[in-house]
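Structure data (CSV, C-alpha atoms and all ligand atoms) from protein09.csv:
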```
chain,number,residue,atom,x,y,z
A,557,MET,CA,0.0,0.0,0.0
A,558,TYR,CA,2.8,2.4,0.8
A,559,GLU,CA,5.1,1.0,-1.9
A,560,TYR,CA,5.3,4.5,-3.5
A,561,ILE,CA,6.9,5.8,-0.3
A,562,GLU,CA,9.5,3.1,-0.4
A,563,ASN,CA,10.1,3.8,-4.0
A,564,PHE,CA,10.7,7.4,-3.2
A,565,LYS,CA,13.2,6.5,-0.5
A,566,ASN,CA,15.1,4.4,-3.0
A,567,LEU,CA,15.6,7.3,-5.3
A,568,GLY,CA,17.9,8.8,-2.7
A,569,PHE,CA,19.1,11.9,-4.5
A,570,GLY,CA,17.1,14.6,-6.3
A,571,MET,CA,17.6,18.0,-7.9
A,572,PHE,CA,15.6,21.0,-6.7
A,573,VAL,CA,15.1,23.7,-9.3
A,574,HIS,CA,14.0,27.3,-8.3
A,575,PHE,CA,13.1,29.0,-11.6
A,576,GLY,CA,10.6,31.8,-12.1
A,577,LEU,CA,10.4,35.5,-12.8
A,578,TYR,CA,12.8,36.2,-10.0
A,579,SER,CA,15.5,34.4,-12.2
A,580,VAL,CA,15.2,37.5,-14.4
A,581,SER,CA,15.8,39.9,-11.6
A,582,ALA,CA,18.8,37.8,-10.6
A,583,THR,CA,18.4,38.8,-6.9
A,584,GLY,CA,17.0,35.6,-5.4
A,585,GLU,CA,13.4,34.3,-5.1
A,586,TRP,CA,12.5,36.5,-2.1
A,587,SER,CA,13.5,39.8,-3.7
A,588,LYS,CA,10.0,41.0,-4.4
A,589,LEU,CA,9.4,41.0,-0.6
A,590,THR,CA,12.8,41.9,0.7
A,591,ASN,CA,13.2,44.8,-1.7
A,592,GLY,CA,9.6,45.9,-1.3
A,593,ILE,CA,8.9,45.7,-5.1
A,594,GLU,CA,5.2,46.7,-5.9
A,595,ASP,CA,3.2,44.3,-8.0
A,596,GLU,CA,3.1,46.6,-11.1
A,597,GLU,CA,6.9,47.0,-11.0
A,598,TYR,CA,7.5,43.2,-10.5
A,599,GLU,CA,5.1,42.2,-13.3
A,600,LYS,CA,7.4,44.1,-15.7
A,601,LEU,CA,9.8,41.2,-15.3
A,602,ALA,CA,7.4,39.0,-17.2
A,603,LYS,CA,8.2,41.0,-20.4
A,604,ARG,CA,11.8,39.9,-20.1
A,605,PHE,CA,11.0,36.2,-19.4
A,606,LYS,CA,12.4,34.5,-22.5
A,607,VAL,CA,13.2,30.9,-21.9
A,608,LYS,CA,15.3,29.0,-24.4
A,609,LYS,CA,13.7,25.9,-26.1
A,610,SER,CA,16.3,23.5,-24.7
A,611,TRP,CA,16.2,24.6,-21.1
A,612,ALA,CA,14.4,21.4,-19.8
A,613,LYS,CA,16.4,19.1,-21.9
A,614,ASP,CA,19.7,20.6,-20.6
A,615,LEU,CA,18.5,20.6,-17.0
A,616,VAL,CA,17.5,16.9,-17.2
A,617,LYS,CA,20.9,16.1,-18.7
A,618,THR,CA,22.7,17.7,-15.8
A,619,ALA,CA,20.5,15.9,-13.3
A,620,LYS,CA,21.3,12.6,-15.0
A,621,LEU,CA,25.1,13.4,-14.9
A,622,ALA,CA,24.8,14.4,-11.2
A,623,GLY,CA,23.1,11.0,-10.4
A,624,CYS,CA,19.8,12.6,-9.4
A,625,LYS,CA,16.8,10.3,-9.9
A,626,TYR,CA,14.1,13.0,-9.5
A,627,ILE,CA,13.7,16.7,-10.0
A,628,THR,CA,11.5,19.0,-8.0
A,629,LEU,CA,10.6,22.1,-10.0
A,630,THR,CA,9.0,25.3,-8.7
A,631,THR,CA,5.8,25.3,-10.7
A,632,ARG,CA,4.7,28.4,-8.8
A,633,HIS,CA,6.7,30.3,-6.1
A,634,HIS,CA,5.7,32.9,-3.5
A,635,ASP,CA,5.5,35.7,-6.1
A,636,GLY,CA,2.5,33.9,-7.5
A,637,PHE,CA,3.9,33.4,-11.0
A,638,SER,CA,3.2,30.0,-12.6
A,639,LEU,CA,5.4,28.1,-15.1
A,640,TYR,CA,2.3,26.2,-16.3
A,641,ASP,CA,-0.9,27.0,-18.2
A,642,THR,CA,-3.3,28.1,-15.5
A,643,LYS,CA,-6.1,27.8,-17.9
A,644,GLY,CA,-7.6,31.2,-17.2
A,645,LEU,CA,-7.2,31.1,-13.4
A,646,SER,CA,-4.6,33.8,-13.8
A,647,ASP,CA,-2.7,35.5,-16.5
A,648,PHE,CA,0.4,35.6,-14.4
A,649,ASP,CA,1.9,32.6,-16.0
A,650,SER,CA,4.6,31.6,-18.5
A,651,LEU,CA,2.0,31.6,-21.3
A,652,HIS,CA,1.6,35.3,-20.9
A,653,THR,CA,5.2,36.2,-21.4
A,654,PRO,CA,7.4,36.3,-24.5
A,655,THR,CA,8.1,32.6,-23.8
A,656,GLY,CA,4.5,31.8,-24.5
A,657,ARG,CA,4.9,28.1,-23.6
A,658,ASP,CA,3.9,25.7,-20.8
A,659,LEU,CA,7.2,25.1,-19.1
A,660,VAL,CA,5.9,22.5,-16.8
A,661,ARG,CA,4.8,20.5,-19.8
A,662,GLU,CA,8.3,20.7,-21.3
A,663,PHE,CA,9.8,19.8,-18.0
A,664,VAL,CA,7.6,16.7,-17.6
A,665,ASP,CA,8.2,15.6,-21.1
A,666,GLU,CA,12.0,15.7,-20.8
A,667,CYS,CA,11.9,14.0,-17.4
A,668,ASN,CA,9.8,11.2,-18.8
A,669,LYS,CA,12.1,10.7,-21.8
A,670,ALA,CA,15.1,10.4,-19.5
A,671,GLY,CA,13.6,8.2,-16.8
A,672,ILE,CA,13.7,11.0,-14.2
A,673,VAL,CA,10.7,11.4,-11.9
A,674,PRO,CA,9.1,14.8,-12.0
A,675,PHE,CA,8.0,16.5,-8.8
A,676,PHE,CA,6.1,19.8,-8.5
A,677,TYR,CA,7.0,22.4,-5.9
A,678,HIS,CA,4.0,24.6,-5.4
A,679,THR,CA,3.8,27.6,-3.1
A,680,LEU,CA,0.9,27.8,-0.6
A,681,LEU,CA,1.4,31.4,0.4
A,682,ASP,CA,1.0,34.1,-2.3
A,683,TRP,CA,2.4,37.7,-2.1
A,684,ARG,CA,0.3,38.9,-5.0
A,685,HIS,CA,-3.1,37.3,-5.0
A,686,PRO,CA,-5.6,39.7,-3.3
A,687,ASP,CA,-7.7,36.8,-1.8
A,688,TYR,CA,-4.7,35.6,0.1
A,689,LYS,CA,-5.0,38.6,2.4
A,690,ASN,CA,-8.7,39.5,2.0
A,691,ASN,CA,-10.7,36.3,1.5
A,692,PHE,CA,-8.7,33.3,2.5
A,693,PRO,CA,-11.4,30.6,1.8
A,694,LYS,CA,-11.7,32.0,-1.8
A,695,TYR,CA,-7.9,31.9,-2.1
A,696,ILE,CA,-8.0,28.2,-1.1
A,697,ASP,CA,-10.5,27.6,-4.0
A,698,TYR,CA,-8.0,29.1,-6.3
A,699,LEU,CA,-5.1,27.1,-4.9
A,700,VAL,CA,-7.1,23.8,-5.1
A,701,ARG,CA,-8.0,24.5,-8.7
A,702,SER,CA,-4.4,25.2,-9.5
A,703,ILE,CA,-3.4,21.9,-7.9
A,704,GLU,CA,-6.1,20.1,-9.8
A,705,ILE,CA,-4.5,21.3,-13.0
A,706,LEU,CA,-1.1,20.1,-12.0
A,707,CYS,CA,-2.5,16.7,-11.0
A,708,SER,CA,-4.7,16.1,-14.0
A,709,GLN,CA,-2.8,17.5,-17.0
A,710,TYR,CA,0.7,16.1,-16.9
A,711,GLY,CA,0.4,12.4,-16.5
A,712,LYS,CA,1.8,10.5,-13.6
A,713,ILE,CA,4.0,12.6,-11.4
A,714,GLY,CA,6.2,11.8,-8.4
A,715,GLY,CA,4.7,14.1,-6.0
A,716,LEU,CA,3.7,17.6,-4.8
A,717,TRP,CA,6.1,19.6,-2.6
A,718,PHE,CA,4.3,22.5,-0.8
A,719,ASP,CA,5.9,25.4,0.9
A,720,GLY,CA,4.6,28.4,2.8
A,721,MET,CA,2.0,27.1,5.3
A,722,TRP,CA,4.2,28.5,8.0
A,723,ASP,CA,3.2,32.0,6.8
A,724,LYS,CA,-0.3,31.6,8.3
A,725,PRO,CA,0.0,28.9,10.9
A,726,ASN,CA,-3.3,29.6,12.5
A,727,ASP,CA,-5.5,29.8,9.4
A,728,ASP,CA,-7.6,27.1,8.0
A,729,TRP,CA,-5.7,25.7,5.0
A,730,GLN,CA,-8.3,23.0,4.4
A,731,GLU,CA,-5.6,20.4,4.2
A,732,ASP,CA,-8.0,17.5,3.8
A,733,ARG,CA,-9.3,19.2,0.7
A,734,ILE,CA,-5.9,20.0,-0.8
A,735,TYR,CA,-4.5,16.5,-0.2
A,736,GLY,CA,-7.8,14.9,-1.2
A,737,THR,CA,-7.5,16.6,-4.6
A,738,ILE,CA,-4.1,15.1,-5.1
A,739,ARG,CA,-5.2,11.6,-4.1
A,740,LYS,CA,-8.2,11.8,-6.4
A,741,TYR,CA,-5.9,12.2,-9.5
A,742,GLN,CA,-2.6,10.9,-8.3
A,743,PRO,CA,-3.1,8.3,-5.6
A,744,GLU,CA,0.6,7.4,-5.5
A,745,ALA,CA,2.0,10.9,-5.5
A,746,MET,CA,4.3,11.8,-2.6
A,747,ILE,CA,2.8,14.6,-0.6
A,748,ILE,CA,5.4,16.8,1.0
A,749,ASN,CA,4.8,20.0,2.9
A,750,ASN,CA,7.9,21.9,4.0
A,751,THR,CA,7.8,22.7,7.7
A,752,GLY,CA,10.6,25.3,7.2
A,753,LEU,CA,13.7,26.1,9.2
A,754,GLY,CA,11.9,26.2,12.5
A,755,GLU,CA,10.3,22.8,12.6
A,756,GLN,CA,12.6,20.4,10.8
A,757,GLY,CA,11.6,16.8,10.7
A,758,LYS,CA,8.1,17.5,12.1
A,759,LEU,CA,5.3,15.1,11.3
A,760,GLY,CA,2.2,16.7,9.9
A,761,HIS,CA,-1.2,15.8,8.5
A,762,PRO,CA,-1.7,12.0,8.1
A,763,GLU,CA,-1.7,12.3,4.3
A,764,ILE,CA,1.8,13.7,4.3
A,765,ASP,CA,4.4,11.1,3.1
A,766,SER,CA,7.7,12.7,3.9
A,767,VAL,CA,9.0,15.1,6.5
A,768,THR,CA,11.4,17.9,5.5
A,769,PHE,CA,14.7,19.2,6.9
A,770,GLU,CA,15.2,22.5,5.2
A,771,ARG,CA,19.0,23.1,5.3
A,772,GLY,CA,19.0,20.9,8.4
A,773,LYS,CA,20.6,17.9,10.0
A,774,PRO,CA,18.5,14.8,9.3
A,775,PHE,CA,17.5,12.1,11.8
A,776,PRO,CA,15.9,8.7,11.1
A,777,ILE,CA,12.1,8.8,11.1
A,778,ILE,CA,10.7,6.0,13.1
A,779,THR,CA,6.9,5.5,12.9
A,780,SER,CA,4.6,2.7,13.7
A,781,GLY,CA,2.1,2.2,10.9
A,782,LYS,CA,2.5,4.3,7.8
A,783,PRO,CA,6.2,4.6,6.8
A,784,ILE,CA,7.3,8.2,6.5
A,785,ALA,CA,10.2,9.3,4.3
A,786,GLY,CA,12.5,12.2,5.1
A,787,GLU,CA,14.2,14.7,2.8
A,788,VAL,CA,16.8,17.4,3.3
A,789,CYS,CA,16.8,20.3,0.9
A,790,GLU,CA,20.0,22.2,0.5
A,791,ILE,CA,21.4,25.2,-1.4
A,792,LEU,CA,24.8,25.4,-3.1
A,793,ASN,CA,25.2,29.0,-2.0
A,794,ASP,CA,22.9,31.3,0.0
A,795,HIS,CA,19.9,31.5,-2.4
A,796,TRP,CA,17.4,29.2,-3.9
A,797,GLY,CA,16.6,31.4,-6.9
A,798,TYR,CA,19.4,32.8,-9.1
A,799,ALA,CA,21.2,35.7,-7.4
A,800,LYS,CA,24.1,36.9,-9.5
A,801,ALA,CA,26.1,38.5,-6.7
A,802,ASP,CA,26.0,35.4,-4.6
A,803,VAL,CA,29.4,33.8,-4.6
A,804,SER,CA,29.1,32.1,-1.2
A,805,TYR,CA,29.4,28.6,-2.6
A,806,LYS,CA,29.9,25.5,-0.4
A,807,GLY,CA,32.3,22.7,-1.4
A,808,VAL,CA,31.5,19.7,-3.5
A,809,LYS,CA,32.8,17.5,-0.7
A,810,ASP,CA,30.5,19.2,1.8
A,811,MET,CA,27.6,18.3,-0.5
A,812,ILE,CA,28.7,14.7,-0.8
A,813,GLU,CA,29.1,14.4,2.9
A,814,GLU,CA,25.5,15.8,3.4
A,815,LEU,CA,24.2,13.3,0.9
A,816,LEU,CA,25.9,10.4,2.7
A,817,ASP,CA,24.6,11.6,6.0
A,818,CYS,CA,21.1,11.9,4.7
A,819,ARG,CA,21.2,8.4,3.3
A,820,GLN,CA,22.5,6.9,6.5
A,821,CYS,CA,19.5,8.4,8.3
A,822,GLY,CA,17.2,6.9,5.6
A,823,CYS,CA,16.5,10.3,4.2
A,824,ASN,CA,16.7,11.7,0.7
A,825,PHE,CA,18.9,14.7,-0.4
A,826,LEU,CA,17.4,17.4,-2.6
A,827,LEU,CA,20.1,19.7,-3.9
A,828,ASN,CA,19.1,23.0,-5.4
A,829,VAL,CA,20.1,24.9,-8.6
A,830,GLY,CA,18.8,28.3,-9.6
A,831,PRO,CA,18.8,28.6,-13.4
A,832,VAL,CA,19.4,32.1,-14.9
A,833,ALA,CA,16.7,34.0,-16.8
A,834,ASN,CA,16.8,32.0,-20.0
A,835,GLY,CA,16.7,28.7,-18.1
A,836,SER,CA,20.3,27.8,-18.4
A,837,LEU,CA,22.3,26.7,-15.4
A,838,ARG,CA,25.0,28.9,-14.0
A,839,PRO,CA,28.3,27.1,-15.0
A,840,ILE,CA,29.4,26.6,-11.4
A,841,ASP,CA,26.1,25.0,-10.4
A,842,LYS,CA,26.4,22.6,-13.4
A,843,ALA,CA,30.0,21.8,-12.6
A,844,MET,CA,29.4,21.1,-9.0
A,845,LEU,CA,26.6,18.8,-9.8
A,846,GLU,CA,28.7,17.0,-12.3
A,847,LEU,CA,31.5,16.5,-9.8
A,848,ILE,CA,29.0,15.0,-7.3
A,849,GLY,CA,27.9,12.7,-10.1
A,850,GLN,CA,31.5,11.7,-10.7
A,851,TRP,CA,31.8,10.5,-7.1
A,852,ILE,CA,28.4,8.8,-7.3
A,853,ARG,CA,29.3,6.8,-10.4
A,854,PHE,CA,32.0,5.0,-8.4
A,855,ASN,CA,29.9,4.6,-5.2
A,856,LYS,CA,26.3,4.5,-6.3
A,857,ASN,CA,25.4,1.4,-4.2
A,858,PHE,CA,25.6,3.6,-1.1
A,859,ILE,CA,23.0,6.0,-2.5
A,860,TYR,CA,20.2,4.0,-4.2
A,861,ASN,CA,18.0,1.1,-3.1
A,862,VAL,CA,19.5,0.9,0.3
A,863,ASN,CA,18.2,1.0,3.9
A,864,ILE,CA,19.1,2.2,7.3
A,865,SER,CA,21.7,-0.3,8.7
A,866,ASP,CA,21.4,-2.5,11.8
A,867,VAL,CA,25.2,-2.8,11.8
A,868,THR,CA,27.3,0.2,12.7
A,869,CYS,CA,30.9,1.2,12.1
A,870,GLU,CA,32.9,3.7,14.3
A,871,ASN,CA,33.6,7.0,12.6
A,872,ALA,CA,32.1,5.8,9.3
A,873,MET,CA,28.6,5.7,7.7
A,874,VAL,CA,26.8,2.5,6.8
A,875,MET,CA,23.9,1.5,4.6
A,876,LYS,CA,22.3,-1.9,4.3
A,877,GLY,CA,22.0,-3.4,0.9
A,878,ASP,CA,20.8,-6.8,-0.2
A,879,ASN,CA,22.9,-9.4,1.7
A,880,CYS,CA,25.6,-6.9,2.3
A,881,TYR,CA,26.5,-3.5,3.8
A,882,TYR,CA,28.1,-0.4,2.3
A,883,VAL,CA,30.5,1.4,4.5
A,884,ALA,CA,31.7,4.9,3.6
A,885,VAL,CA,35.1,5.8,5.3
A,886,LYS,CA,37.2,8.9,4.9
A,887,THR,CA,40.1,8.2,2.6
A,888,ALA,CA,43.4,7.9,4.4
A,889,MET,CA,46.3,10.1,3.7
A,890,GLY,CA,49.4,8.2,2.7
A,891,GLY,CA,51.7,7.0,-0.1
A,892,ASN,CA,53.4,9.7,-2.2
A,893,LEU,CA,51.1,12.5,-1.1
A,894,ASN,CA,52.8,12.0,2.2
A,895,VAL,CA,55.9,13.7,0.8
A,896,VAL,CA,54.1,16.2,-1.3
A,897,MET,CA,51.7,17.4,1.4
A,898,ASN,CA,54.0,16.8,4.3
A,899,ILE,CA,51.5,14.6,6.0
A,900,SER,CA,52.5,11.5,7.9
A,901,ALA,CA,51.3,8.3,6.6
A,902,ASN,CA,48.3,7.0,8.4
A,903,GLU,CA,46.0,4.2,7.7
A,904,PRO,CA,43.1,4.6,10.1
A,905,THR,CA,40.9,1.6,10.9
A,906,TYR,CA,37.2,1.6,11.1
A,907,LYS,CA,35.7,-0.9,13.5
A,908,MET,CA,32.4,-2.6,12.6
A,909,SER,CA,29.9,-3.9,15.1
A,910,ALA,CA,29.9,-7.3,13.3
A,911,LYS,CA,32.6,-9.7,12.1
A,912,ILE,CA,33.6,-9.2,8.5
A,913,LYS,CA,33.5,-12.2,6.1
A,914,SER,CA,34.8,-10.3,3.0
A,915,ALA,CA,35.1,-6.7,1.7
A,916,LYS,CA,36.1,-4.9,-1.4
A,917,TRP,CA,36.3,-1.2,-2.4
A,918,LEU,CA,33.5,-0.1,-4.8
A,919,ASP,CA,35.8,2.3,-6.7
A,920,ASP,CA,38.4,-0.1,-8.0
A,921,GLY,CA,37.1,-3.6,-6.9
A,922,SER,CA,40.3,-4.2,-4.8
A,923,LYS,CA,40.2,-6.2,-1.6
A,924,VAL,CA,39.8,-4.3,1.6
A,925,GLU,CA,42.4,-5.1,4.3
A,926,ILE,CA,40.8,-6.3,7.5
A,927,LYS,CA,42.3,-6.2,10.9
A,928,ASN,CA,41.2,-8.1,14.0
A,929,GLY,CA,38.3,-9.6,12.2
A,930,ASN,CA,36.1,-6.5,12.2
A,931,GLU,CA,38.2,-3.5,11.3
A,932,ILE,CA,38.4,-1.9,7.8
A,933,VAL,CA,41.8,-0.4,7.0
A,934,GLY,CA,41.2,2.9,5.3
A,935,LYS,CA,43.5,2.8,2.2
A,936,THR,CA,44.0,5.6,-0.3
A,937,PHE,CA,42.6,5.3,-3.8
A,938,ASP,CA,45.2,5.2,-6.5
A,939,TYR,CA,45.2,9.0,-7.0
A,940,GLY,CA,45.5,9.7,-3.3
A,941,PRO,CA,43.1,11.0,-0.8
A,942,SER,CA,41.1,13.2,-3.1
A,943,ALA,CA,38.3,10.7,-3.7
A,944,TYR,CA,37.3,11.9,-0.2
A,945,TYR,CA,34.9,9.1,0.9
A,946,ARG,CA,35.6,5.6,-0.2
A,947,VAL,CA,32.9,3.0,0.0
A,948,ALA,CA,33.6,-0.6,0.9
A,949,LYS,CA,31.1,-3.4,0.1
A,950,VAL,CA,31.1,-5.6,3.2
A,951,LYS,CA,29.7,-9.1,3.8
A,952,ILE,CA,29.4,-10.0,7.4
A,953,LYS,CA,29.6,-13.4,9.2
B,1001,LIG,C1,12.2,28.4,2.1
B,1001,LIG,C2,12.2,29.6,1.3
B,1001,LIG,C3,11.7,29.4,-0.1
B,1001,LIG,C4,12.3,28.2,-0.7
B,1001,LIG,C5,12.2,27.0,0.2
B,1001,LIG,C6,12.9,25.8,-0.3
B,1001,LIG,O1,10.9,28.0,2.5
B,1001,LIG,O2,11.3,30.6,1.8
B,1001,LIG,O3,12.0,30.5,-0.9
B,1001,LIG,O4,11.6,27.9,-1.9
B,1001,LIG,O5,12.8,27.3,1.4
B,1001,LIG,O6,13.0,24.8,0.7
```

Would you give me this structure, written as structure tokens?
Ligand code: GLC
Amino acid sequence: MYEYIENFKNLGFGMFVHFGLYSVSATGEWSKLTNGIEDEEYEKLAKRFKVKKSWAKDLVKTAKLAGCKYITLTTRHHDGFSLYDTKGLSDFDSLHTPTGRDLVREFVDECNKAGIVPFFYHTLLDWRHPDYKNNFPKYIDYLVRSIEILCSQYGKIGGLWFDGMWDKPNDDWQEDRIYGTIRKYQPEAMIINNTGLGEQGKLGHPEIDSVTFERGKPFPIITSGKPIAGEVCEILNDHWGYAKADVSYKGVKDMIEELLDCRQCGCNFLLNVGPVANGSLRPIDKAMLELIGQWIRFNKNFIYNVNISDVTCENAMVMKGDNCYYVAVKTAMGGNLNVVMNISANEPTYKMSAKIKSAKWLDDGSKVEIKNGNEIVGKTFDYGPSAYYRVAKVKIK
């Protein structure tokens, strides 16, 4: 019955895409509010929204290279602008810009061609719609009709990812009605509702299938009854939407470590990119994702189709696969790099809570040296320590 939730967990790694009118302003997705831009002024951005034909194809290609199995696209963000044909609900959508196309359609088509699961981010709060402030039940009608379009016009989707309920915590969002609409058209869609920075990992309405950890540290979600997934969403710099002055990038290795940490807690990792106005990725976003993908290609067994482990390993991360375990250890410094980097040779050992029968490194298939029956010796990869984490496939006695 909850197979779709297990399937989601098995995807492991996804790409988050914040794309909208704010990509034109190049000052981040909150700039309308933070810079106090009036509606009329903000709407002028629509005239400059010219998205290139190949945007979705290119995006999906990068996601594939990065090792992402799903993509969550902002179909509408807090500014109220939609990337899909709202069918007369509003004229504040991509159809009413020089682009003149349904970008959600293009996105879904490209995902389907590439075997990537499409997910829709959708804002709950709305800075522009007058009913949001003045007639909340009427605004919910508009929201539900919008969701109905997304759930009925694009074939099977992976899920809906909501955001913004935290803006009006005490109002009646009619959650039963919102989620009921999704279940009517997409019974197996994941329903996710971001609880924001303040309430990471918090369980919500019974129809919700995954908790969120926005830019947070994940923990395993243990429930009796319905299994609940978990997902950490993270940014490469300090913005979700493209902000041209933002150079505060994190490291590729930090992102890999976060991905591994998510997986060992049984959670997924959703890593964000913010395309520029025409839909292309910023070269650094693309390059970072591709490097992460390079690491994953060697070590993919740690990421997909694995579970929380019942066996542990000191100072290392462990996943449970079919009849084996995957142990990610920090690569040891040693060999020639010793001399070059003036680091003394050291081959740390990682002690498992079970006796090891056999083990080999995923990256080159070589045998893992074992000490005392249950300790993995952390050896360098052939080009030194730069592979960062090495993953050993371990069979236990
Ligand atoms: C926060 C931000 C929002 C962003 C979201 C992604 O809620 O307000 O702009 O879309 O995080 O998780």

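Closest to Val933 in chain A among A:Phe575, A:Tyr906, A:Tyr945, A:Tyr598 is A:Tyr906, based on all atoms listed in the file.
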
Each residue of chain A lying at most 8 Å from ligand LIG 1001 (chain B) should get a row with its shortest atom-to-atom pair and the distance in Å to one decimal, counting only C-alpha atoms and all ligand atoms; could you produce that, ordered by chain and increasing number, as a Markdown table?
```
| residue | atom | partner | partner_atom | distance |
| --- | --- | --- | --- | --- |
| A:His574 | CA | B:LIG1001 | O4 | 6.9 |
| A:Glu585 | CA | B:LIG1001 | O3 | 5.8 |
| A:Trp586 | CA | B:LIG1001 | O3 | 6.1 |
| A:Thr630 | CA | B:LIG1001 | O4 | 7.7 |
| A:His633 | CA | B:LIG1001 | O4 | 6.9 |
| A:His634 | CA | B:LIG1001 | O3 | 7.2 |
| A:Thr679 | CA | B:LIG1001 | O4 | 7.9 |
| A:Asp719 | CA | B:LIG1001 | O1 | 5.9 |
| A:Gly720 | CA | B:LIG1001 | O1 | 6.3 |
| A:Asn750 | CA | B:LIG1001 | O6 | 6.7 |
| A:Gly752 | CA | B:LIG1001 | O1 | 5.4 |
| A:Leu753 | CA | B:LIG1001 | O1 | 7.5 |
| A:Glu770 | CA | B:LIG1001 | O6 | 5.5 |
| A:Arg771 | CA | B:LIG1001 | O6 | 7.7 |
| A:Cys789 | CA | B:LIG1001 | O6 | 5.9 |
| A:Glu790 | CA | B:LIG1001 | O6 | 7.5 |
| A:Trp796 | CA | B:LIG1001 | C4 | 6.1 |
| A:Gly797 | CA | B:LIG1001 | O3 | 7.6 |
```

Please identify all polymer residues within 8 Å of Leu815 in chain A, counting only C-alpha atoms, omitting same-chain residues fewer than 6 positions from it, and present them as a PDB file with C-alpha atoms, keeping the file's coordinate frame.
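Listed below is the output, out15.pdb:
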```pdb
ATOM      1  CA  PHE A 569      19.100  11.900  -4.500  1.00  0.00           C
ATOM      2  CA  ASN A 824      16.700  11.700   0.700  1.00  0.00           C
ATOM      3  CA  PHE A 825      18.900  14.700  -0.400  1.00  0.00           C
TER       4      PHE A 825
END
```

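Straight-line separation from CA of Asp658 in chain A to CA of Leu615 in chain A: 15.9 Å.
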
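CA of Gly715 in chain A lies 4.2 Å from CA of Ala745 in chain A.
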
For a cutoff of 7 Å around the file-coordinate point (6.4, 36.7, -3.6), which residues qualify once you count only C-alpha atoms? I'd like the result as a PDB file with C-alpha atoms, in the frame of the given file.
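Ended up saving to selection01.pdb:
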```
ATOM      1  CA  TRP A 586      12.500  36.500  -2.100  1.00  0.00           C
ATOM      2  CA  LYS A 588      10.000  41.000  -4.400  1.00  0.00           C
ATOM      3  CA  LEU A 589       9.400  41.000  -0.600  1.00  0.00           C
ATOM      4  CA  HIS A 633       6.700  30.300  -6.100  1.00  0.00           C
ATOM      5  CA  HIS A 634       5.700  32.900  -3.500  1.00  0.00           C
ATOM      6  CA  ASP A 635       5.500  35.700  -6.100  1.00  0.00           C
ATOM      7  CA  GLY A 636       2.500  33.900  -7.500  1.00  0.00           C
ATOM      8  CA  ASP A 682       1.000  34.100  -2.300  1.00  0.00           C
ATOM      9  CA  TRP A 683       2.400  37.700  -2.100  1.00  0.00           C
ATOM     10  CA  ARG A 684       0.300  38.900  -5.000  1.00  0.00           C
TER      11      ARG A 684
END
```

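Atom pair CA of Tyr626 in chain A / CA of Met571 in chain A has a distance of 6.3 Å (rounded to one decimal).
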
**OP:** Select, from A:Glu903, A:Glu813, A:Glu846, A:Asp920, the residue with the minimum atom-to-atom distance to Met873 in chain A, counting all atoms listed in the file.
**Re:** A:Glu813

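Residue nearest Asp647 in chain A, chosen from A:Arg661, A:Arg739, A:Lys809, A:His685 and counting all atoms listed in the file: A:His685.
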
**OP:** Write out as number ranges by chain the residues lying within 8 Å of Lys608 in chain A, counting all atoms listed in the file and excluding same-chain residues fewer than 5 positions away.
**Re:** A: 834-836

**OP:** Show which residues sit within 6 Å of range 928-932 of chain A, as an MDAnalysis selection string. Count all atoms listed in the file, and ignore same-chain residues fewer than 3 positions away.
**Re:** chainID A and resid 905:908 911:912

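Minimum atom-to-atom distances from A:Arg853, A:Lys842, A:Lys782, A:Lys916 to Met557 in chain A were compared using only C-alpha atoms, and the lowest value belongs to A:Lys782.
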
For a cut-off of 10 Å around (1.3, 32.3, -13.9), file coordinates, pick out all residues using all atoms listed in the file and list them as a PDB file with C-alpha atoms, in the coordinates of the input.
```pdb
ATOM      1  CA  GLY A 576      10.600  31.800 -12.100  1.00  0.00           C
ATOM      2  CA  LEU A 577      10.400  35.500 -12.800  1.00  0.00           C
ATOM      3  CA  ALA A 602       7.400  39.000 -17.200  1.00  0.00           C
ATOM      4  CA  THR A 631       5.800  25.300 -10.700  1.00  0.00           C
ATOM      5  CA  ARG A 632       4.700  28.400  -8.800  1.00  0.00           C
ATOM      6  CA  HIS A 633       6.700  30.300  -6.100  1.00  0.00           C
ATOM      7  CA  ASP A 635       5.500  35.700  -6.100  1.00  0.00           C
ATOM      8  CA  GLY A 636       2.500  33.900  -7.500  1.00  0.00           C
ATOM      9  CA  PHE A 637       3.900  33.400 -11.000  1.00  0.00           C
ATOM     10  CA  SER A 638       3.200  30.000 -12.600  1.00  0.00           C
ATOM     11  CA  LEU A 639       5.400  28.100 -15.100  1.00  0.00           C
ATOM     12  CA  TYR A 640       2.300  26.200 -16.300  1.00  0.00           C
ATOM     13  CA  ASP A 641      -0.900  27.000 -18.200  1.00  0.00           C
ATOM     14  CA  THR A 642      -3.300  28.100 -15.500  1.00  0.00           C
ATOM     15  CA  LYS A 643      -6.100  27.800 -17.900  1.00  0.00           C
ATOM     16  CA  GLY A 644      -7.600  31.200 -17.200  1.00  0.00           C
ATOM     17  CA  LEU A 645      -7.200  31.100 -13.400  1.00  0.00           C
ATOM     18  CA  SER A 646      -4.600  33.800 -13.800  1.00  0.00           C
ATOM     19  CA  ASP A 647      -2.700  35.500 -16.500  1.00  0.00           C
ATOM     20  CA  PHE A 648       0.400  35.600 -14.400  1.00  0.00           C
ATOM     21  CA  ASP A 649       1.900  32.600 -16.000  1.00  0.00           C
ATOM     22  CA  SER A 650       4.600  31.600 -18.500  1.00  0.00           C
ATOM     23  CA  LEU A 651       2.000  31.600 -21.300  1.00  0.00           C
ATOM     24  CA  HIS A 652       1.600  35.300 -20.900  1.00  0.00           C
ATOM     25  CA  THR A 653       5.200  36.200 -21.400  1.00  0.00           C
ATOM     26  CA  ASP A 658       3.900  25.700 -20.800  1.00  0.00           C
TER      27      ASP A 658
END
```
